[in-house]
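Have a look at model_11.cif; it's mmCIF, C-alpha atoms:
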```
data_final
loop_
_atom_site.group_PDB
_atom_site.id
_atom_site.type_symbol
_atom_site.label_atom_id
_atom_site.label_comp_id
_atom_site.auth_asym_id
_atom_site.auth_seq_id
_atom_site.Cartn_x
_atom_site.Cartn_y
_atom_site.Cartn_z
ATOM 1 C CA ALA Y 19 -23.336 -23.282 -17.425
ATOM 2 C CA PRO Y 20 -21.124 -25.286 -15.025
ATOM 3 C CA PHE Y 21 -23.323 -24.369 -12.038
ATOM 4 C CA ASP Y 22 -26.487 -22.530 -11.022
ATOM 5 C CA GLY Y 23 -26.156 -18.877 -10.117
ATOM 6 C CA MET Y 24 -26.944 -15.264 -10.943
ATOM 7 C CA ILE Y 25 -26.062 -13.998 -14.433
ATOM 8 C CA VAL Y 26 -24.626 -10.481 -14.516
ATOM 9 C CA HIS Y 27 -23.190 -8.269 -17.237
ATOM 10 C CA ALA Y 28 -19.382 -8.143 -17.218
ATOM 11 C CA GLY Y 29 -19.202 -4.378 -17.491
ATOM 12 C CA ASP Y 30 -15.834 -2.639 -17.188
ATOM 13 C CA PRO Y 31 -15.992 -0.085 -14.319
ATOM 14 C CA PHE Y 32 -13.378 2.019 -16.175
ATOM 15 C CA PRO Y 33 -14.275 1.671 -19.872
ATOM 16 C CA ALA Y 34 -12.179 3.233 -22.619
ATOM 17 C CA PRO Y 35 -13.696 6.351 -24.289
ATOM 18 C CA ASN Y 36 -14.661 4.362 -27.436
ATOM 19 C CA GLN Y 37 -15.741 1.224 -25.606
ATOM 20 C CA ASP Y 38 -19.447 0.350 -25.743
ATOM 21 C CA ARG Y 39 -21.321 -0.825 -22.696
ATOM 22 C CA ILE Y 40 -22.426 -4.445 -22.509
ATOM 23 C CA GLU Y 41 -26.067 -4.192 -23.581
ATOM 24 C CA ALA Y 42 -28.305 -5.151 -26.493
ATOM 25 C CA GLY Y 43 -27.008 -3.806 -29.805
ATOM 26 C CA PRO Y 44 -23.261 -2.990 -29.488
ATOM 27 C CA THR Y 45 -20.660 -5.020 -31.374
ATOM 28 C CA VAL Y 46 -18.433 -7.221 -29.207
ATOM 29 C CA ARG Y 47 -14.793 -8.055 -29.869
ATOM 30 C CA GLN Y 48 -13.052 -11.397 -29.860
ATOM 31 C CA HIS Y 49 -12.414 -12.867 -26.375
ATOM 32 C CA GLN Y 50 -14.466 -10.094 -24.752
ATOM 33 C CA ILE Y 51 -16.200 -11.195 -21.543
ATOM 34 C CA ILE Y 52 -19.910 -10.507 -21.956
ATOM 35 C CA LEU Y 53 -21.392 -11.992 -18.813
ATOM 36 C CA SER Y 54 -20.444 -13.964 -15.736
ATOM 37 C CA ILE Y 55 -22.267 -16.266 -13.339
ATOM 38 C CA LEU Y 56 -22.173 -15.583 -9.615
ATOM 39 C CA ASP Y 57 -22.266 -18.722 -7.492
ATOM 40 C CA LEU Y 58 -24.185 -17.425 -4.487
ATOM 41 C CA ASP Y 59 -23.859 -20.764 -2.666
ATOM 42 C CA GLY Y 60 -20.126 -21.221 -3.225
ATOM 43 C CA PRO Y 61 -17.127 -19.751 -1.398
ATOM 44 C CA ARG Y 62 -16.987 -15.981 -1.139
ATOM 45 C CA ILE Y 63 -14.005 -14.416 -2.858
ATOM 46 C CA ALA Y 64 -13.055 -10.740 -2.639
ATOM 47 C CA SER Y 65 -10.990 -9.038 -5.340
ATOM 48 C CA PHE Y 66 -8.458 -6.360 -4.397
ATOM 49 C CA LYS Y 67 -6.013 -4.136 -6.271
ATOM 50 C CA ILE Y 68 -2.486 -4.353 -4.837
ATOM 51 C CA PRO Y 69 0.169 -1.761 -5.836
ATOM 52 C CA GLU Y 70 3.245 -3.098 -7.610
ATOM 53 C CA SER Y 71 5.531 -1.927 -4.781
ATOM 54 C CA MET Y 72 3.986 -4.625 -2.548
ATOM 55 C CA ILE Y 73 3.242 -7.384 -5.050
ATOM 56 C CA ASP Y 74 6.540 -9.255 -4.582
ATOM 57 C CA ARG Y 75 5.560 -9.944 -0.956
ATOM 58 C CA LEU Y 76 2.291 -11.706 -1.787
ATOM 59 C CA LYS Y 77 1.734 -15.358 -2.578
ATOM 60 C CA PRO Y 78 -1.180 -17.808 -2.406
ATOM 61 C CA GLY Y 79 -1.788 -19.283 1.019
ATOM 62 C CA GLN Y 80 -1.042 -16.165 3.069
ATOM 63 C CA THR Y 81 -3.588 -15.280 5.751
ATOM 64 C CA ALA Y 82 -5.674 -12.125 5.520
ATOM 65 C CA ARG Y 83 -8.134 -10.079 7.534
ATOM 66 C CA ILE Y 84 -11.120 -8.717 5.576
ATOM 67 C CA LYS Y 85 -13.378 -5.825 6.589
ATOM 68 C CA VAL Y 86 -16.613 -5.080 4.728
ATOM 69 C CA ASP Y 87 -17.826 -1.485 4.631
ATOM 70 C CA ALA Y 88 -21.467 -2.515 5.005
ATOM 71 C CA MET Y 89 -20.624 -4.476 8.178
ATOM 72 C CA PRO Y 90 -18.239 -2.191 10.112
ATOM 73 C CA ASP Y 91 -18.581 -4.038 13.426
ATOM 74 C CA GLY Y 92 -16.886 -7.213 12.267
ATOM 75 C CA SER Y 93 -13.971 -8.639 10.316
ATOM 76 C CA TRP Y 94 -13.315 -12.053 8.793
ATOM 77 C CA GLU Y 95 -10.330 -14.272 8.231
ATOM 78 C CA GLY Y 96 -9.360 -15.147 4.694
ATOM 79 C CA VAL Y 97 -6.617 -16.675 2.598
ATOM 80 C CA VAL Y 98 -4.934 -15.412 -0.568
ATOM 81 C CA LYS Y 99 -6.098 -17.605 -3.466
ATOM 82 C CA SER Y 100 -4.350 -15.975 -6.427
ATOM 83 C CA VAL Y 101 -2.142 -13.036 -7.407
ATOM 84 C CA ALA Y 102 -2.258 -11.757 -10.984
ATOM 85 C CA SER Y 103 0.952 -12.236 -12.937
ATOM 86 C CA ARG Y 104 0.368 -9.023 -14.913
ATOM 87 C CA PRO Y 105 -0.953 -5.579 -13.902
ATOM 88 C CA ASP Y 106 -4.522 -4.617 -14.675
ATOM 89 C CA PRO Y 107 -4.926 -3.496 -18.308
ATOM 90 C CA THR Y 108 -6.429 -0.145 -17.265
ATOM 91 C CA THR Y 109 -3.239 0.719 -15.354
ATOM 92 C CA MET Y 110 -0.918 -0.198 -18.235
ATOM 93 C CA LEU Y 111 -2.231 2.520 -20.564
ATOM 94 C CA GLY Y 112 -1.226 5.624 -18.624
ATOM 95 C CA GLY Y 113 1.307 6.858 -16.099
ATOM 96 C CA GLU Y 114 -0.754 5.875 -13.063
ATOM 97 C CA MET Y 115 0.480 3.397 -10.479
ATOM 98 C CA LYS Y 116 0.222 -0.205 -11.647
ATOM 99 C CA VAL Y 117 -1.985 -2.520 -9.581
ATOM 100 C CA TYR Y 118 -2.376 -6.298 -9.604
ATOM 101 C CA THR Y 119 -5.679 -8.055 -8.979
ATOM 102 C CA THR Y 120 -5.388 -10.279 -5.914
ATOM 103 C CA ARG Y 121 -8.204 -12.611 -4.876
ATOM 104 C CA VAL Y 122 -8.840 -13.491 -1.227
ATOM 105 C CA GLU Y 123 -11.275 -16.200 -0.142
ATOM 106 C CA PHE Y 124 -13.258 -15.955 3.109
ATOM 107 C CA SER Y 125 -12.350 -18.820 5.437
ATOM 108 C CA LYS Y 126 -15.945 -19.160 6.685
ATOM 109 C CA PRO Y 127 -19.335 -18.416 5.080
ATOM 110 C CA VAL Y 128 -20.694 -14.891 5.601
ATOM 111 C CA PRO Y 129 -24.471 -15.083 5.014
ATOM 112 C CA ALA Y 130 -24.957 -11.313 4.893
ATOM 113 C CA LEU Y 131 -22.309 -10.841 2.194
ATOM 114 C CA ARG Y 132 -23.628 -9.708 -1.199
ATOM 115 C CA PRO Y 133 -21.991 -9.391 -4.638
ATOM 116 C CA GLY Y 134 -20.485 -5.958 -5.289
ATOM 117 C CA MET Y 135 -19.940 -4.971 -1.657
ATOM 118 C CA THR Y 136 -16.879 -2.845 -0.895
ATOM 119 C CA ALA Y 137 -14.221 -4.272 1.406
ATOM 120 C CA SER Y 138 -10.652 -3.696 2.598
ATOM 121 C CA VAL Y 139 -8.025 -6.316 3.371
ATOM 122 C CA GLU Y 140 -4.905 -6.688 5.494
ATOM 123 C CA ILE Y 141 -2.572 -9.463 4.333
ATOM 124 C CA LEU Y 142 0.062 -10.835 6.678
ATOM 125 C CA VAL Y 143 3.304 -10.983 4.666
ATOM 126 C CA ASP Y 144 5.772 -11.279 7.547
ATOM 127 C CA GLU Y 145 6.040 -10.914 11.312
ATOM 128 C CA ARG Y 146 8.555 -9.066 13.458
ATOM 129 C CA GLU Y 147 8.837 -8.945 17.268
ATOM 130 C CA ASN Y 148 10.204 -6.045 19.323
ATOM 131 C CA VAL Y 149 10.663 -3.919 16.202
ATOM 132 C CA LEU Y 150 11.809 -0.305 16.387
ATOM 133 C CA SER Y 151 10.073 1.810 13.747
ATOM 134 C CA VAL Y 152 9.743 5.401 12.564
ATOM 135 C CA PRO Y 153 7.445 7.092 10.011
ATOM 136 C CA VAL Y 154 8.573 6.674 6.398
ATOM 137 C CA ASP Y 155 8.819 10.470 6.001
ATOM 138 C CA ALA Y 156 11.307 10.578 8.886
ATOM 139 C CA VAL Y 157 13.965 8.949 6.673
ATOM 140 C CA VAL Y 158 16.006 10.547 3.877
ATOM 141 C CA ARG Y 159 18.715 9.003 1.724
ATOM 142 C CA LEU Y 160 21.628 11.417 1.900
ATOM 143 C CA ASP Y 161 25.060 10.723 0.388
ATOM 144 C CA GLY Y 162 24.015 7.117 -0.253
ATOM 145 C CA LYS Y 163 23.029 6.491 3.388
ATOM 146 C CA TYR Y 164 19.643 6.425 5.114
ATOM 147 C CA GLN Y 165 19.490 9.063 7.825
ATOM 148 C CA VAL Y 166 17.048 10.530 10.354
ATOM 149 C CA ALA Y 167 17.044 13.832 12.238
ATOM 150 C CA VAL Y 168 17.451 13.135 15.978
ATOM 151 C CA GLU Y 169 16.803 15.774 18.650
ATOM 152 C CA LYS Y 170 19.790 16.782 20.745
ATOM 153 C CA PRO Y 171 20.591 19.775 22.983
ATOM 154 C CA GLY Y 172 20.420 22.926 20.887
ATOM 155 C CA GLY Y 173 18.731 21.447 17.816
ATOM 156 C CA VAL Y 174 18.832 18.269 15.758
ATOM 157 C CA GLY Y 175 21.596 16.038 14.451
ATOM 158 C CA TRP Y 176 21.644 13.605 11.560
ATOM 159 C CA ARG Y 177 22.015 9.904 12.369
ATOM 160 C CA GLU Y 178 22.726 7.069 9.946
ATOM 161 C CA VAL Y 179 20.325 4.136 10.314
ATOM 162 C CA GLU Y 180 19.965 0.657 8.878
ATOM 163 C CA LEU Y 181 16.472 -0.078 7.605
ATOM 164 C CA GLY Y 182 14.453 -3.272 7.358
ATOM 165 C CA MET Y 183 10.890 -3.938 6.274
ATOM 166 C CA THR Y 184 8.624 -1.060 5.345
ATOM 167 C CA THR Y 185 4.899 -0.412 5.026
ATOM 168 C CA LEU Y 186 3.101 2.532 3.457
ATOM 169 C CA ARG Y 187 3.403 4.405 6.774
ATOM 170 C CA ASP Y 188 6.317 3.035 8.844
ATOM 171 C CA VAL Y 189 9.751 1.567 8.313
ATOM 172 C CA GLU Y 190 11.736 -0.806 10.523
ATOM 173 C CA VAL Y 191 15.009 0.519 11.984
ATOM 174 C CA LYS Y 192 17.486 -2.309 12.572
ATOM 175 C CA SER Y 193 20.275 -0.166 14.011
ATOM 176 C CA GLY Y 194 21.206 3.466 14.619
ATOM 177 C CA LEU Y 195 18.378 4.394 17.001
ATOM 178 C CA LYS Y 196 17.218 3.466 20.475
ATOM 179 C CA ALA Y 197 13.618 3.272 21.672
ATOM 180 C CA GLY Y 198 12.488 6.607 23.112
ATOM 181 C CA GLU Y 199 14.818 8.837 21.101
ATOM 182 C CA ILE Y 200 13.064 11.830 19.541
ATOM 183 C CA VAL Y 201 13.178 12.057 15.743
ATOM 184 C CA ALA Y 202 11.613 14.470 13.254
ATOM 185 C CA LYS Y 203 8.422 13.082 11.710
ATOM 186 C CA SER Y 204 9.284 14.780 8.428
ATOM 187 C CA ALA Y 205 13.009 15.063 7.798
ATOM 188 C CA THR Y 206 13.052 16.770 4.394
ATOM 189 C CA PRO Y 207 12.094 20.297 5.627
ATOM 190 C CA LEU Y 208 15.071 20.207 8.014
ATOM 191 C CA LEU Y 209 17.641 19.745 5.260
ATOM 192 C CA SER Y 210 19.919 22.622 4.355
ATOM 193 C CA GLU Y 211 20.113 23.819 0.759
ATOM 194 C CA ALA Y 212 23.452 22.058 0.354
ATOM 195 C CA GLN Y 213 21.976 18.807 1.686
ATOM 196 C CA ARG Y 214 19.006 19.027 -0.649
ATOM 197 C CA LYS Y 215 21.357 19.019 -3.629
ATOM 198 C CA ARG Y 216 22.922 15.770 -2.377
ATOM 199 C CA LEU Y 217 19.695 13.813 -1.973
ATOM 200 C CA SER Y 218 20.157 10.531 -3.805
ATOM 201 C CA ASP Y 219 16.703 8.968 -3.692
ATOM 202 C CA PRO Y 220 13.844 11.389 -4.499
ATOM 203 C CA ARG Y 221 11.332 8.525 -4.337
ATOM 204 C CA LYS Y 222 12.140 8.147 -0.648
ATOM 205 C CA THR Y 223 12.323 11.812 0.294
ATOM 206 C CA GLY Y 224 9.346 12.944 -1.757
ATOM 207 C CA PRO Y 225 8.945 16.408 -3.290
ATOM 208 C CA LYS Y 226 11.314 19.132 -2.180
ATOM 209 C CA PRO Y 227 9.187 21.817 -0.481
ATOM 210 C CA ALA Y 228 10.177 25.448 -0.630
ATOM 211 C CA VAL Y 229 11.652 26.649 2.677
ATOM 212 C CA PRO Y 230 12.017 30.370 3.563
ATOM 213 C CA LYS Y 231 15.657 31.432 3.726
ATOM 214 C CA LYS Y 232 15.327 32.810 7.266
ATOM 215 C CA ARG Y 233 13.826 29.596 8.585
ATOM 216 C CA ARG Y 234 16.171 27.003 10.067
ATOM 217 C CA ASP Y 235 15.703 23.614 11.727
ATOM 218 C CA ASP Y 236 12.384 23.467 13.561
ATOM 219 C CA PRO Y 237 12.766 21.223 16.645
ATOM 220 C CA ARG Y 238 9.003 21.405 17.238
ATOM 221 C CA LYS Y 239 8.463 18.902 14.423
ATOM 222 C CA LYS Y 240 9.118 15.763 16.384
ATOM 223 C CA GLY Y 241 8.204 12.116 16.469
ATOM 224 C CA VAL Y 242 9.180 9.269 18.742
ATOM 225 C CA ALA Y 243 10.929 6.087 17.685
ATOM 226 C CA THR Y 244 8.572 3.414 18.976
ATOM 227 C CA SER Y 245 8.777 -0.265 19.781
ATOM 228 C CA PRO Y 246 5.478 -2.242 19.692
ATOM 229 C CA LYS Y 247 4.451 -3.953 22.885
#
```

How does this structure look as structure tokens?
Amino acid sequence: APFDGMIVHAGDPFPAPNQDRIEAGPTVRQHQIILSILDLDGPRIASFKIPESMIDRLKPGQTARIKVDAMPDGSWEGVVKSVASRPDPTTMLGGEMKVYTTRVEFSKPVPALRPGMTASVEILVDERENVLSVPVDAVVRLDGKYQVAVEKPGGVGWREVELGMTTLRDVEVKSGLKAGEIVAKSATPLLSEAQRKRLSDPRKTGPKPAVPKKRRDDPRKKGVATSPK
């Protein structure tokens, strides 16, 4: 072995139905990983699964913030060490979302850290100052344009907006809105039947929920366009 450490079985957490566990007796295939050595004195590296919709924003050297479930009172700085060039094999077999293994190294030693602990990570991919943002569900792509439902006297009106960066929850609004304007948190239920037929990006608007015929725009469903301090 190249170094001292703890030997562990390289078991697949999501084995195929006909795949044998790594133990005495089963036949192994060519290039199959049977065991690995954990260097308990070396740098700590956490492995995360990143969805393909975000993978183009990641690269080695980016800073990260790691939280360990077993130590909820603290968090640690880290750095992205590697991003897989191909999706995980288990996600290539079915219709599930593809994920890429990304490894993040802790910047400083964490004595209480143990192999196999569960953690979450936030990776800084870009920074924006004085950004106006709305929830992702507040935006629909109608007639080839991104629009939001803005409250006005007597109901709501549709407003075209220019979008910027997006996360899983919020999206940056570059133009079309002002801080403090009231927008619908979920715009899709406010669409008329005619508008629903013109939706051009179902991935952005999500599923089309059934709406009773007697029900019209509901101004009670509101959100606020916000600008971080």

If you apply the PyMOL selection byres ((chain Y and resi 77) around 9) to this file, what residues do you get, as number ranges by chain? Y: 73-76, 78-80, 98-101, 143

What's the 8 Å shell around Ala205 (chain Y), counting all atoms listed in the file, without same-chain residues fewer than 5 positions away, as a list in words?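 The contact residues come out as Asp155, Ala156, Val157, Val158, Val166 and Ala167 of chain Y.
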
If I put a ball of radius 10 Å at (-17.7, -0.8, -3.0) in the file's coordinates, which residues poke into it when counting only C-alpha atoms, written as a ChimeraX atom specification? /Y:86-88,133-138

Polymer residues at most 10 Å from Ser103 (chain Y), all atoms listed in the file, same-chain spacing of 4 or more positions, as a list of chain:residue names: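 That gives Y:Ile73, Y:Tyr118, Y:Thr119, Y:Thr120.
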
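Between CA of Leu181 (chain Y) and CA of Pro153 (chain Y) the separation is 11.8 Å.
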
Interatomic distance, CA of Ile55 (chain Y) to CA of Glu95 (chain Y) (Å, one decimal):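 Between CA of Ile55 (chain Y) and CA of Glu95 (chain Y) the gap is 24.7 Å.
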
Under the PyMOL selection byres ((chain Y and resi 121-129) around 9), which residues of this model are included? Write them out as a count of residues only. 28

Apply the PyMOL selection byres ((chain Y and resi 194) around 6) to the structure shown and report the selected residues as a PDB file with C-alpha atoms, keeping the file's coordinate frame.
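Saved result, selection26.pdb, follows:
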```pdb
ATOM      1  CA  VAL Y 179      20.325   4.136  10.314  1.00  0.00           C
ATOM      2  CA  SER Y 193      20.275  -0.166  14.011  1.00  0.00           C
ATOM      3  CA  LEU Y 195      18.378   4.394  17.001  1.00  0.00           C
TER       4      LEU Y 195
END
```

Could you state the separation of CA of Tyr164 (chain Y) and CA of Arg177 (chain Y) in Å, given to one decimal place?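 Straight-line distance from CA of Tyr164 (chain Y) to CA of Arg177 (chain Y) works out to 8.4 Å.
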
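Across Y:Ile200, Y:Lys215, Y:Lys116, Y:Leu208, the tightest approach to Pro171 (chain Y) is made by Y:Ile200 when counting only C-alpha atoms.
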
Using all atoms listed in the file: which of Y:Leu150, Y:Leu160, Y:Met183, Y:Ala197 has the shortest distance to Arg214 (chain Y): Y:Leu160

Go through Y:Val152, Y:Ala42, Y:Ser93, Y:Ile51 one by one, measure the shortest atom-to-atom distance of each to Val189 (chain Y) using all atoms listed in the file, and give the residue with the smallest value.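 When distances to Val189 (chain Y) are compared using all atoms listed in the file, the smallest one comes from Y:Val152.
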
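Among the candidates Y:Gln213, Y:Thr185, Y:Glu70, Y:Gly92, the one nearest to Asp144 (chain Y) when counting only C-alpha atoms is Y:Thr185.
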